[in-house]
$ cat entry-v5.cif   # mmCIF, C-alpha atoms
data_run
loop_
_atom_site.label_atom_id
_atom_site.label_comp_id
_atom_site.auth_asym_id
_atom_site.auth_seq_id
_atom_site.Cartn_x
_atom_site.Cartn_y
_atom_site.Cartn_z
CA MET A 1 -87.30 -14.58 10.27
CA SER A 2 -85.38 -12.06 12.31
CA THR A 3 -81.67 -12.45 12.02
CA ARG A 4 -79.39 -12.07 14.98
CA GLU A 5 -76.61 -9.52 14.95
CA PRO A 6 -73.64 -11.17 13.22
CA PHE A 7 -71.25 -10.09 15.99
CA GLY A 8 -73.79 -9.71 18.75
CA GLN A 9 -75.17 -6.47 20.16
CA SER A 10 -71.79 -5.66 21.70
CA GLY A 11 -70.16 -5.98 18.28
CA ARG A 12 -72.72 -3.59 16.90
CA LEU A 13 -72.11 -1.14 19.72
CA LEU A 14 -68.36 -1.38 19.23
CA ALA A 15 -68.71 -0.70 15.50
CA SER A 16 -70.92 2.33 16.23
CA VAL A 17 -68.42 3.75 18.69
CA ALA A 18 -65.51 3.19 16.28
CA LEU A 19 -67.38 4.92 13.45
CA LEU A 20 -68.39 7.81 15.72
CA ILE A 21 -64.79 8.30 16.80
CA ALA A 22 -63.70 8.29 13.17
CA LEU A 23 -66.38 10.85 12.32
CA VAL A 24 -65.52 13.16 15.21
CA GLY A 25 -61.86 12.79 14.22
CA LEU A 26 -62.67 13.87 10.68
CA LEU A 27 -64.73 16.87 11.85
CA SER A 28 -62.01 17.86 14.28
CA TRP A 29 -59.29 17.56 11.66
CA ALA A 30 -61.21 19.79 9.26
CA GLY A 31 -61.81 22.24 12.12
CA THR A 32 -58.16 22.60 13.03
CA ALA A 33 -56.34 22.04 9.74
CA ALA A 34 -56.29 24.76 7.13
CA VAL A 35 -58.00 22.46 4.65
CA ASP A 36 -61.70 23.07 4.61
CA PRO A 37 -63.16 20.84 1.91
CA LEU A 38 -65.94 23.28 1.05
CA GLU A 39 -64.04 26.53 1.33
CA ARG A 40 -62.68 28.11 -1.82
CA THR A 41 -58.97 27.99 -2.49
CA TYR A 42 -58.75 31.68 -3.41
CA PRO A 43 -58.45 34.54 -0.91
CA ASP A 44 -61.94 35.69 0.08
CA GLU A 45 -63.55 38.77 1.59
CA ALA A 46 -62.37 37.92 5.10
CA ASP A 47 -58.75 37.95 3.87
CA VAL A 48 -58.96 40.81 1.41
CA THR A 49 -61.21 43.42 3.03
CA PRO A 50 -58.86 44.35 5.91
CA ASP A 51 -55.68 44.10 3.82
CA ARG A 52 -56.54 45.15 0.27
CA GLU A 53 -53.12 46.43 -0.83
CA SER A 54 -51.40 43.08 -0.52
CA TYR A 55 -53.90 41.35 -2.83
CA ILE A 56 -53.72 43.79 -5.75
CA GLY A 57 -53.20 41.82 -8.96
CA ASP A 58 -54.36 38.56 -7.34
CA ARG A 59 -57.39 36.51 -8.23
CA ILE A 60 -59.83 36.65 -5.35
CA VAL A 61 -63.42 35.75 -4.63
CA LEU A 62 -65.71 38.09 -2.70
CA ASP A 63 -69.11 37.47 -1.18
CA GLY A 64 -71.17 40.54 -0.52
CA ALA A 65 -74.43 42.42 -0.77
CA VAL A 66 -75.30 44.73 -3.66
CA VAL A 67 -75.20 48.37 -2.58
CA GLU A 68 -75.40 49.99 -6.02
CA THR A 69 -76.16 48.36 -9.34
CA ASP A 70 -74.65 50.72 -11.92
CA PRO A 71 -71.75 50.43 -11.56
CA LEU A 72 -72.00 47.40 -9.33
CA VAL A 73 -70.82 48.18 -5.81
CA ILE A 74 -70.83 45.47 -3.17
CA ALA A 75 -70.35 45.57 0.58
CA THR A 76 -68.52 42.60 2.03
CA GLN A 77 -69.47 43.37 5.61
CA SER A 78 -72.97 43.24 7.03
CA THR A 79 -72.56 46.79 8.34
CA GLY A 80 -72.40 47.99 4.73
CA ASN A 81 -68.67 48.60 4.93
CA GLY A 82 -65.94 46.86 2.97
CA ARG A 83 -67.06 48.24 -0.38
CA PHE A 84 -65.69 47.20 -3.75
CA THR A 85 -66.64 48.37 -7.22
CA VAL A 86 -67.01 45.49 -9.64
CA VAL A 87 -66.24 46.19 -13.28
CA ARG A 88 -67.07 44.09 -16.32
CA THR A 89 -70.11 42.50 -14.67
CA ALA A 90 -72.45 42.79 -17.66
CA ASP A 91 -71.01 39.85 -19.56
CA THR A 92 -70.00 37.77 -16.55
CA LEU A 93 -73.21 37.82 -14.54
CA GLU A 94 -74.89 34.49 -13.81
CA ARG A 95 -78.33 34.73 -12.36
CA SER A 96 -81.49 32.66 -12.31
CA THR A 97 -83.97 35.45 -13.09
CA GLY A 98 -84.46 39.20 -13.24
CA PRO A 99 -82.05 42.12 -13.12
CA LEU A 100 -79.61 42.77 -10.31
CA GLU A 101 -81.17 44.68 -7.44
CA THR A 102 -79.91 46.41 -4.33
CA GLY A 103 -79.72 43.95 -1.46
CA ASP A 104 -79.08 40.87 -3.63
CA ARG A 105 -76.27 38.57 -2.53
CA VAL A 106 -73.41 38.24 -4.98
CA THR A 107 -70.25 36.19 -5.27
CA VAL A 108 -67.65 37.76 -7.54
CA PHE A 109 -64.56 35.99 -8.77
CA GLY A 110 -61.96 38.12 -10.46
CA THR A 111 -58.74 40.08 -10.25
CA LEU A 112 -58.27 42.90 -7.76
CA GLU A 113 -57.18 45.84 -9.92
CA ASP A 114 -56.68 48.37 -7.18
CA ALA A 115 -57.70 48.67 -3.55
CA SER A 116 -61.37 49.13 -4.39
CA THR A 117 -61.89 47.72 -7.89
CA LEU A 118 -62.47 44.13 -8.81
CA ASP A 119 -62.32 43.05 -12.46
CA ALA A 120 -64.90 40.26 -12.61
CA ASP A 121 -64.40 36.94 -14.35
CA ARG A 122 -67.70 35.64 -13.10
CA THR A 123 -70.43 37.04 -10.89
CA ILE A 124 -73.15 34.89 -9.38
CA SER A 125 -76.08 36.62 -7.78
CA THR A 126 -78.98 35.46 -5.66
CA ALA A 127 -82.11 37.43 -4.86
CA LEU A 128 -83.41 37.29 -1.31
CA TRP A 129 -86.63 35.53 -2.34
CA GLU A 130 -84.58 32.86 -4.08
CA SER A 131 -82.79 32.06 -0.83
CA LEU A 132 -86.16 31.88 0.93
CA TYR A 133 -87.52 29.62 -1.81
CA MET A 134 -84.54 27.30 -1.34
CA VAL A 135 -85.13 27.06 2.40
CA VAL A 136 -88.87 26.39 2.04
CA ILE A 137 -88.55 23.83 -0.75
CA SER A 138 -85.70 22.05 1.04
CA PHE A 139 -87.79 21.90 4.22
CA VAL A 140 -90.67 20.36 2.26
CA ALA A 141 -88.28 17.76 0.81
CA GLY A 142 -86.95 16.94 4.27
CA CYS A 143 -90.50 16.46 5.60
CA TRP A 144 -91.35 14.17 2.69
CA VAL A 145 -88.40 11.90 3.42
CA LEU A 146 -89.12 11.96 7.15
CA ALA A 147 -92.76 11.02 6.55
CA ARG A 148 -91.73 8.14 4.30
CA LEU A 149 -89.24 6.95 6.91
CA VAL A 150 -91.83 7.03 9.67
CA ARG A 151 -94.41 5.21 7.55
CA GLY A 152 -92.06 2.74 5.91
CA TRP A 153 -89.90 1.71 8.86
CA ARG A 154 -90.64 0.77 12.44
CA VAL A 155 -88.54 -0.04 15.47
CA ASP A 156 -88.14 -3.69 16.38
CA TRP A 157 -87.75 -3.09 20.11
CA GLY A 158 -86.54 -6.61 20.76
CA ARG A 159 -83.42 -6.00 18.71
CA GLY A 160 -83.27 -2.23 18.94
CA ALA A 161 -83.17 -1.95 15.18
CA LEU A 162 -85.23 -0.57 12.32
CA VAL A 163 -87.17 -2.97 10.14
CA PRO A 164 -89.39 -2.26 7.14
CA GLY A 165 -92.89 -1.60 8.39
CA PHE A 166 -96.21 -2.57 6.99
CA THR A 167 -96.02 -1.14 3.49
CA ALA A 168 -99.53 -2.08 2.40
CA SER A 169 -100.85 1.02 4.13
CA MET A 170 -98.65 3.28 2.05
CA SER A 171 -100.57 3.10 -1.19
CA GLY A 172 -102.68 6.23 -0.94
CA GLY A 173 -101.90 9.89 -1.32
CA LYS A 174 -98.36 10.52 -2.44
CA PRO A 175 -96.71 8.93 -5.44
CA ASP A 176 -95.84 5.50 -4.24
CA THR A 177 -93.47 2.89 -5.48
CA ASP A 178 -95.08 -0.26 -4.26
CA PRO A 179 -97.24 -2.12 -6.70
CA SER A 180 -100.77 -1.64 -5.49
CA PRO A 181 -102.36 -4.93 -4.47
CA SER A 182 -105.55 -3.88 -6.24
CA ARG A 183 -103.73 -3.41 -9.51
CA GLY A 184 -105.20 -5.45 -12.36
CA ASP A 185 -106.60 -8.91 -11.91
CA GLY A 186 -103.26 -10.49 -11.14
CA THR A 187 -103.61 -13.21 -13.75
CA SER A 188 -100.30 -12.45 -15.40
CA VAL A 189 -97.08 -14.05 -14.25
CA ASP A 190 -95.87 -10.58 -13.46
CA GLY A 191 -98.83 -9.95 -11.16
CA SER A 192 -98.29 -13.09 -9.16
CA SER A 193 -94.61 -12.37 -8.69
CA GLU A 194 -95.58 -8.97 -7.37
CA ARG A 195 -98.00 -10.50 -4.92
CA HIS A 196 -95.17 -12.67 -3.80
CA ARG A 197 -93.16 -9.51 -3.30
CA GLU A 198 -95.89 -8.04 -1.13
CA GLN A 199 -95.54 -10.92 1.27
CA ARG A 200 -91.80 -10.89 1.50
CA ASP A 201 -90.07 -9.32 4.45
CA GLN A 202 -93.15 -9.22 6.62
CA MET B 203 -76.07 23.02 -4.01
CA PRO B 204 -79.33 22.52 -5.80
CA ASP B 205 -82.27 22.64 -3.44
CA LEU B 206 -82.91 19.54 -1.37
CA LEU B 207 -86.08 18.76 -3.31
CA THR B 208 -84.03 18.12 -6.45
CA HIS B 209 -81.75 15.78 -4.54
CA VAL B 210 -84.64 13.90 -2.97
CA LEU B 211 -86.55 13.60 -6.26
CA VAL B 212 -83.45 12.22 -7.97
CA GLY B 213 -82.99 9.77 -5.08
CA TYR B 214 -86.64 8.76 -5.43
CA SER B 215 -86.19 8.22 -9.17
CA ILE B 216 -83.08 6.09 -8.76
CA GLY B 217 -84.68 4.06 -5.98
CA THR B 218 -87.89 3.58 -7.91
CA LEU B 219 -86.08 2.44 -11.05
CA LEU B 220 -84.06 0.01 -8.92
CA SER B 221 -87.27 -1.28 -7.37
CA ALA B 222 -88.66 -1.93 -10.85
CA ARG B 223 -85.59 -4.05 -11.52
CA TYR B 224 -84.87 -5.75 -8.20
CA GLU B 225 -87.31 -7.61 -5.98
CA GLN B 226 -85.42 -6.68 -2.83
CA VAL B 227 -85.95 -2.96 -3.34
CA ARG B 228 -89.36 -2.07 -1.99
CA THR B 229 -90.99 1.16 -0.85
CA ALA B 230 -89.04 1.27 2.40
CA GLN B 231 -85.79 0.73 0.52
CA VAL B 232 -86.60 3.51 -1.95
CA THR B 233 -86.82 5.77 1.09
CA LEU B 234 -83.27 4.75 1.98
CA VAL B 235 -82.00 6.02 -1.38
CA MET B 236 -83.80 9.30 -0.65
CA VAL B 237 -82.23 9.51 2.82
CA GLY B 238 -78.84 8.89 1.23
CA ALA B 239 -79.53 11.60 -1.33
CA LEU B 240 -80.07 14.21 1.35
CA SER B 241 -77.44 12.92 3.80
CA PRO B 242 -74.56 15.20 2.68
CA ASP B 243 -76.76 18.15 3.58
CA PHE B 244 -76.86 17.00 7.22
CA ARG B 245 -74.01 19.50 7.26
CA LYS B 246 -76.62 22.26 7.20
CA ILE B 247 -78.69 20.79 10.04
CA ALA B 248 -75.76 19.69 12.18
CA PRO B 249 -74.64 23.25 13.06
CA LEU B 250 -77.90 23.58 15.01
CA LEU B 251 -76.41 21.14 17.50
CA PRO B 252 -74.16 22.60 20.16
CA THR B 253 -70.52 21.89 19.34
CA THR B 254 -69.12 22.81 22.74
CA PRO B 255 -69.32 19.29 24.28
CA LEU B 256 -67.61 17.87 21.20
CA GLU B 257 -64.94 20.54 21.27
CA LEU B 258 -64.25 19.78 24.91
CA VAL B 259 -63.55 16.19 23.87
CA THR B 260 -61.43 17.01 20.84
CA GLY B 261 -59.69 19.96 22.47
CA GLY B 262 -60.08 22.12 19.38
CA PRO B 263 -62.62 23.56 16.98
CA ILE B 264 -64.65 21.22 14.81
CA SER B 265 -66.07 21.80 11.36
CA TRP B 266 -69.19 20.11 9.99
CA THR B 267 -68.16 20.49 6.37
CA PRO B 268 -66.61 16.98 6.03
CA LEU B 269 -70.18 15.64 6.25
CA HIS B 270 -70.51 16.97 2.72
CA THR B 271 -67.60 14.94 1.33
CA PHE B 272 -66.79 11.37 0.38
CA GLY B 273 -65.26 10.55 3.77
CA GLY B 274 -68.20 11.97 5.69
CA SER B 275 -70.71 10.17 3.50
CA VAL B 276 -68.98 6.81 4.00
CA LEU B 277 -69.10 7.21 7.78
CA VAL B 278 -72.67 8.50 7.85
CA VAL B 279 -73.88 5.66 5.59
CA LEU B 280 -72.17 3.02 7.73
CA LEU B 281 -73.39 4.55 10.98
CA GLY B 282 -76.92 4.77 9.63
CA SER B 283 -76.83 1.16 8.48
CA LEU B 284 -76.11 0.01 12.03
CA LEU B 285 -79.53 1.35 13.02
CA ILE B 286 -81.12 -1.13 10.63
CA ALA B 287 -81.77 -4.80 11.39
CA PRO B 288 -78.94 -7.05 10.16
CA GLU B 289 -80.90 -8.83 7.44
CA TYR B 290 -81.59 -5.49 5.71
CA ARG B 291 -78.26 -3.89 6.47
CA ARG B 292 -76.19 -4.75 3.43
CA ARG B 293 -78.92 -3.58 1.11
CA ALA B 294 -79.30 -0.39 3.17
CA VAL B 295 -75.58 0.40 2.82
CA VAL B 296 -75.71 -0.01 -0.96
CA LEU B 297 -78.89 2.03 -1.38
CA THR B 298 -77.94 4.94 0.89
CA ALA B 299 -74.49 5.01 -0.72
CA ILE B 300 -76.09 5.27 -4.16
CA GLY B 301 -78.23 8.15 -2.88
CA ALA B 302 -75.25 9.95 -1.35
CA ALA B 303 -73.23 9.50 -4.55
CA SER B 304 -76.06 11.06 -6.56
CA HIS B 305 -75.94 14.08 -4.23
CA HIS B 306 -72.23 14.60 -4.84
CA VAL B 307 -72.61 14.21 -8.61
CA LEU B 308 -75.38 16.83 -8.67
CA ASP B 309 -73.34 19.22 -6.53
CA VAL B 310 -70.19 18.93 -8.61
CA ALA B 311 -72.34 19.85 -11.62
CA LEU B 312 -73.17 23.25 -10.07
CA LEU B 313 -71.91 26.46 -11.57
CA THR B 314 -69.53 28.13 -9.11
CA ALA B 315 -67.92 31.55 -9.27
CA THR B 316 -64.37 30.18 -9.25
CA GLY B 317 -65.10 27.35 -11.68
CA GLU B 318 -64.01 24.84 -9.07
CA ALA B 319 -66.21 22.40 -7.21
CA TYR B 320 -65.58 21.45 -3.58
CA ALA B 321 -63.04 18.88 -2.41
CA VAL B 322 -65.50 16.04 -2.91
CA PHE B 323 -62.98 13.24 -2.22
CA PHE B 324 -61.89 14.66 1.16
CA PRO B 325 -60.07 13.31 3.17
CA ILE B 326 -58.50 11.02 0.53
CA SER B 327 -57.64 14.02 -1.60
CA THR B 328 -58.21 17.75 -1.42
CA TYR B 329 -58.42 17.94 -5.20
CA ARG B 330 -61.25 20.17 -6.37
CA PRO B 331 -62.64 18.98 -9.66
CA PRO B 332 -63.68 21.64 -12.15
CA SER B 333 -67.35 22.37 -11.62
CA LEU B 334 -69.43 21.23 -14.56
CA GLY B 335 -71.36 24.51 -14.47
CA LEU B 336 -74.68 23.00 -15.54
CA TYR B 337 -76.91 25.08 -13.27
CA LEU B 338 -76.94 27.64 -10.50
CA SER B 339 -77.92 26.61 -7.01
CA THR B 340 -80.89 28.98 -7.26
CA ASP B 341 -82.15 27.66 -10.61
CA ARG B 342 -85.63 26.19 -10.40
CA TRP B 343 -85.52 24.05 -13.53
CA PRO B 344 -83.39 21.23 -12.01
CA ALA B 345 -86.23 20.53 -9.54
CA ALA B 346 -88.74 20.52 -12.40
CA VAL B 347 -86.59 18.11 -14.44
CA ALA B 348 -86.14 15.91 -11.37
CA GLY B 349 -89.90 16.00 -10.84
CA VAL B 350 -90.54 14.77 -14.39
CA LEU B 351 -87.90 12.09 -13.88
CA ALA B 352 -89.55 10.99 -10.62
CA ALA B 353 -92.99 10.83 -12.23
CA SER B 354 -91.62 8.83 -15.16
CA SER B 355 -89.86 6.34 -12.94
CA TRP B 356 -93.01 6.01 -10.87
CA ALA B 357 -94.90 5.18 -14.08
CA VAL B 358 -92.24 2.65 -15.09
CA ARG B 359 -92.59 1.00 -11.72
CA ARG B 360 -96.37 1.18 -11.62
CA TYR B 361 -97.07 -0.08 -15.09
CA GLY B 362 -94.23 -2.57 -15.13
CA ILE B 363 -92.40 -1.51 -18.26
CA THR B 364 -89.43 -3.50 -17.02
CA GLU B 365 -89.65 -7.02 -15.70
CA PRO B 366 -88.62 -7.42 -12.07
CA VAL B 367 -85.60 -9.65 -11.66
CA GLN B 368 -85.31 -11.90 -8.68
CA ARG B 369 -81.86 -12.01 -7.23
CA SER B 370 -80.79 -14.02 -4.26
CA ASP B 371 -79.15 -11.84 -1.66
#
$ encode --input "entry-v5.cif" --output "structure tokens"
Amino acid sequence: MSTREPFGQSGRLLASVALLIALVGLLSWAGTAAVDPLERTYPDEADVTPDRESYIGDRIVLDGAVVETDPLVIATQSTGNGRFTVVRTADTLERSTGPLETGDRVTVFGTLEDASTLDADRTISTALWESLYMVVISFVAGCWVLARLVRGWRVDWGRGALVPGFTASMSGGKPDTDPSPSRGDGTSVDGSSERHREQRDQ
Amino acid sequence: MPDLLTHVLVGYSIGTLLSARYEQVRTAQVTLVMVGALSPDFRKIAPLLPTTPLELVTGGPISWTPLHTFGGSVLVVLLGSLLIAPEYRRRAVVLTAIGAASHHVLDVALLTATGEAYAVFFPISTYRPPSLGLYLSTDRWPAAVAGVLAASSWAVRRYGITEPVQRSD
């Protein structure tokens, strides 16, 4: 049942190396070129904080921590320096829950009115516990996928490749996608085709 | 980006619905959709690796962010598929690609401060589509909705609301 590599193991190795080179090339290009695909296209706190005067009147985006809430004052540097007062936050604030608190992270997009005042178009804020929640829940999700990978796939050492493992043992515990072999009496056409499915690929 | 759980639950739902429809998609293949759905976020794990050896090779700084774009996803999906035995490979490419695409769709739907999403089509284009602004990255309801979706698709699969279709590969 096992199929041989279409272009042999050396073909597979060659393809891996070519793809790796392409990937490293892409990462290197993004590292050196001024085009970061995830970075925002507007000037940010790293540009504006040291050179405020030259951005007055421009639309900018600042990341920072909340120092005061009324009026909103943010610090763009972790030392607490690089402070900006944000006006017109009340109607532009986007937040999952609760009022703005000191220490929350905010991202403000707006126009720099003068060297220390930002007129907000939109303010997004994140409480510290929300960031923690994201990390924890994402870690749980990663573990779930890893566990499914380990249980659903095994290494075929002869070919150095992953093959679907024995899926019959996966029916307990977590929500599972395989039709359980014990399901129903299997008299329907559907049931027999599913039994057939159980035996495939093994 | 929404939390990884939302991405993985959506990947699970898509995979499970596909498995209800196609014989070839089984539990192990559903996992591949889930792996694809979290693959763009390898960008967040990758920085834990030391970049110095790579930078010695490339002779300049590297950035992990392309992993979270179309170009990065294509390469990661193809590289991953080479780990899989040849008779399952084509299916694996399709399924992980579907998962990765779902990740990008969910991330473009995020509300961003500037109203722009990221350059999702990089390196083909640096165009940033307008973000759909459906939810904040910290919102909890997308995970709840994805959970309901996952449970529903599990039920569809389990109780055979759709008839599996056999398709020759």
$ resolve_selection --input "entry-v5.cif" --expression "the PyMOL selection byres ((chain B and resi 289) around 10)" --output "PDB file with C-alpha atoms, keeping the file's coordinate frame"
ATOM      1  CA  MET A   1     -87.300 -14.580  10.270  1.00  0.00           C
ATOM      2  CA  SER A   2     -85.380 -12.060  12.310  1.00  0.00           C
ATOM      3  CA  THR A   3     -81.670 -12.450  12.020  1.00  0.00           C
ATOM      4  CA  ARG A   4     -79.390 -12.070  14.980  1.00  0.00           C
ATOM      5  CA  GLU A   5     -76.610  -9.520  14.950  1.00  0.00           C
ATOM      6  CA  PRO A   6     -73.640 -11.170  13.220  1.00  0.00           C
ATOM      7  CA  VAL A 163     -87.170  -2.970  10.140  1.00  0.00           C
ATOM      8  CA  ASP A 201     -90.070  -9.320   4.450  1.00  0.00           C
TER       9      ASP A 201
ATOM     10  CA  ILE B 286     -81.120  -1.130  10.630  1.00  0.00           C
ATOM     11  CA  ALA B 287     -81.770  -4.800  11.390  1.00  0.00           C
ATOM     12  CA  PRO B 288     -78.940  -7.050  10.160  1.00  0.00           C
ATOM     13  CA  TYR B 290     -81.590  -5.490   5.710  1.00  0.00           C
ATOM     14  CA  ARG B 291     -78.260  -3.890   6.470  1.00  0.00           C
ATOM     15  CA  ARG B 292     -76.190  -4.750   3.430  1.00  0.00           C
ATOM     16  CA  ARG B 293     -78.920  -3.580   1.110  1.00  0.00           C
ATOM     17  CA  ALA B 294     -79.300  -0.390   3.170  1.00  0.00           C
ATOM     18  CA  ASP B 371     -79.150 -11.840  -1.660  1.00  0.00           C
TER      19      ASP B 371
END
$ resolve_selection --input "entry-v5.cif" --expression "the PyMOL selection byres ((chain A) within 7 of (chain B))" --output "PyMOL selection string"
chain A and resi 3-5+12+16+19+23+26-28+30-32+37-38+96+107-109+122-124+126+130+134+137-138+141+145+148-149+152-153+161-164+177-179+197
$ write_last_selection --input "entry-v5.cif" --atoms "C-alpha atoms" --output "CSV table (one decimal), in the frame of the given file"
chain,number,residue,atom,x,y,z
A,3,THR,CA,-81.7,-12.4,12.0
A,4,ARG,CA,-79.4,-12.1,15.0
A,5,GLU,CA,-76.6,-9.5,15.0
A,12,ARG,CA,-72.7,-3.6,16.9
A,16,SER,CA,-70.9,2.3,16.2
A,19,LEU,CA,-67.4,4.9,13.4
A,23,LEU,CA,-66.4,10.8,12.3
A,26,LEU,CA,-62.7,13.9,10.7
A,27,LEU,CA,-64.7,16.9,11.8
A,28,SER,CA,-62.0,17.9,14.3
A,30,ALA,CA,-61.2,19.8,9.3
A,31,GLY,CA,-61.8,22.2,12.1
A,32,THR,CA,-58.2,22.6,13.0
A,37,PRO,CA,-63.2,20.8,1.9
A,38,LEU,CA,-65.9,23.3,1.0
A,96,SER,CA,-81.5,32.7,-12.3
A,107,THR,CA,-70.2,36.2,-5.3
A,108,VAL,CA,-67.6,37.8,-7.5
A,109,PHE,CA,-64.6,36.0,-8.8
A,122,ARG,CA,-67.7,35.6,-13.1
A,123,THR,CA,-70.4,37.0,-10.9
A,124,ILE,CA,-73.2,34.9,-9.4
A,126,THR,CA,-79.0,35.5,-5.7
A,130,GLU,CA,-84.6,32.9,-4.1
A,134,MET,CA,-84.5,27.3,-1.3
A,137,ILE,CA,-88.6,23.8,-0.8
A,138,SER,CA,-85.7,22.0,1.0
A,141,ALA,CA,-88.3,17.8,0.8
A,145,VAL,CA,-88.4,11.9,3.4
A,148,ARG,CA,-91.7,8.1,4.3
A,149,LEU,CA,-89.2,7.0,6.9
A,152,GLY,CA,-92.1,2.7,5.9
A,153,TRP,CA,-89.9,1.7,8.9
A,161,ALA,CA,-83.2,-2.0,15.2
A,162,LEU,CA,-85.2,-0.6,12.3
A,163,VAL,CA,-87.2,-3.0,10.1
A,164,PRO,CA,-89.4,-2.3,7.1
A,177,THR,CA,-93.5,2.9,-5.5
A,178,ASP,CA,-95.1,-0.3,-4.3
A,179,PRO,CA,-97.2,-2.1,-6.7
A,197,ARG,CA,-93.2,-9.5,-3.3
$ closest_residue --input "entry-v5.cif" --among "B:Leu334, B:Ile326, B:Ala248, B:Ala346" --to "Leu308 (chain B)" --atoms "all atoms listed in the file"
B:Leu334
$ atom_distance --input "entry-v5.cif" --atom1 "CA of Glu113 (chain A)" --atom2 "CA of Glu94 (chain A)"
21.4 Å
$ resolve_selection --input "entry-v5.cif" --expression "the PyMOL selection byres ((chain A and resi 98) around 12)" --output "list in words"
Leu93, Glu94, Arg95, Ser96, Thr97, Pro99, Leu100, Glu101, Asp104, Ser125, Thr126, Ala127, Trp129 and Glu130 of chain A
$ write_last_selection --input "entry-v5.cif" --atoms "C-alpha atoms" --output "mmCIF file, in the frame of the given file"
data_model
loop_
_atom_site.group_PDB
_atom_site.id
_atom_site.type_symbol
_atom_site.label_atom_id
_atom_site.label_comp_id
_atom_site.auth_asym_id
_atom_site.auth_seq_id
_atom_site.Cartn_x
_atom_site.Cartn_y
_atom_site.Cartn_z
ATOM 1 C CA LEU A 93 -73.210 37.820 -14.540
ATOM 2 C CA GLU A 94 -74.890 34.490 -13.810
ATOM 3 C CA ARG A 95 -78.330 34.730 -12.360
ATOM 4 C CA SER A 96 -81.490 32.660 -12.310
ATOM 5 C CA THR A 97 -83.970 35.450 -13.090
ATOM 6 C CA PRO A 99 -82.050 42.120 -13.120
ATOM 7 C CA LEU A 100 -79.610 42.770 -10.310
ATOM 8 C CA GLU A 101 -81.170 44.680 -7.440
ATOM 9 C CA ASP A 104 -79.080 40.870 -3.630
ATOM 10 C CA SER A 125 -76.080 36.620 -7.780
ATOM 11 C CA THR A 126 -78.980 35.460 -5.660
ATOM 12 C CA ALA A 127 -82.110 37.430 -4.860
ATOM 13 C CA TRP A 129 -86.630 35.530 -2.340
ATOM 14 C CA GLU A 130 -84.580 32.860 -4.080
#
$ closest_residue --input "entry-v5.cif" --among "A:Val35, A:Val24, A:Ala15, A:Val61" --to "Thr253 (chain B)" --atoms "only C-alpha atoms"
A:Val24
$ atom_distance --input "entry-v5.cif" --atom1 "CA of Val67 (chain A)" --atom2 "CA of Gly103 (chain A)"
6.4 Å
$ atom_distance --input "entry-v5.cif" --atom1 "CA of Gly25 (chain A)" --atom2 "CA of Val155 (chain A)"
29.6 Å
$ decode --input "entry-v5.cif" --residues "region 12-20 of chain A" --atoms "N, CA, C and O atoms" --output "PDB file, in the first residue's frame"
ATOM      1  N   ARG A  12      12.784  14.491  -3.098  1.00  0.00           N
ATOM      2  CA  ARG A  12      12.088  15.083  -1.961  1.00  0.00           C
ATOM      3  C   ARG A  12      13.010  16.021  -1.186  1.00  0.00           C
ATOM      4  O   ARG A  12      12.623  17.125  -0.793  1.00  0.00           O
ATOM      5  N   LEU A  13      14.246  15.567  -1.013  1.00  0.00           N
ATOM      6  CA  LEU A  13      15.229  16.389  -0.305  1.00  0.00           C
ATOM      7  C   LEU A  13      15.504  17.686  -1.066  1.00  0.00           C
ATOM      8  O   LEU A  13      15.553  18.783  -0.497  1.00  0.00           O
ATOM      9  N   LEU A  14      15.633  17.543  -2.373  1.00  0.00           N
ATOM     10  CA  LEU A  14      15.908  18.704  -3.227  1.00  0.00           C
ATOM     11  C   LEU A  14      14.764  19.721  -3.126  1.00  0.00           C
ATOM     12  O   LEU A  14      14.989  20.927  -2.988  1.00  0.00           O
ATOM     13  N   ALA A  15      13.532  19.205  -3.170  1.00  0.00           N
ATOM     14  CA  ALA A  15      12.363  20.085  -3.071  1.00  0.00           C
ATOM     15  C   ALA A  15      12.349  20.802  -1.723  1.00  0.00           C
ATOM     16  O   ALA A  15      12.066  22.003  -1.649  1.00  0.00           O
ATOM     17  N   SER A  16      12.701  20.056  -0.642  1.00  0.00           N
ATOM     18  CA  SER A  16      12.725  20.680   0.688  1.00  0.00           C
ATOM     19  C   SER A  16      13.745  21.804   0.738  1.00  0.00           C
ATOM     20  O   SER A  16      13.473  22.888   1.265  1.00  0.00           O
ATOM     21  N   VAL A  17      14.926  21.532   0.196  1.00  0.00           N
ATOM     22  CA  VAL A  17      15.994  22.536   0.230  1.00  0.00           C
ATOM     23  C   VAL A  17      15.579  23.766  -0.573  1.00  0.00           C
ATOM     24  O   VAL A  17      15.743  24.906  -0.129  1.00  0.00           O
ATOM     25  N   ALA A  18      14.983  23.539  -1.757  1.00  0.00           N
ATOM     26  CA  ALA A  18      14.556  24.667  -2.594  1.00  0.00           C
ATOM     27  C   ALA A  18      13.506  25.508  -1.865  1.00  0.00           C
ATOM     28  O   ALA A  18      13.578  26.748  -1.856  1.00  0.00           O
ATOM     29  N   LEU A  19      12.559  24.846  -1.212  1.00  0.00           N
ATOM     30  CA  LEU A  19      11.510  25.583  -0.494  1.00  0.00           C
ATOM     31  C   LEU A  19      12.094  26.332   0.704  1.00  0.00           C
ATOM     32  O   LEU A  19      11.698  27.467   0.983  1.00  0.00           O
ATOM     33  N   LEU A  20      13.052  25.701   1.388  1.00  0.00           N
ATOM     34  CA  LEU A  20      13.686  26.366   2.533  1.00  0.00           C
ATOM     35  C   LEU A  20      14.449  27.612   2.088  1.00  0.00           C
ATOM     36  O   LEU A  20      14.387  28.655   2.745  1.00  0.00           O
TER      37      LEU A  20
END
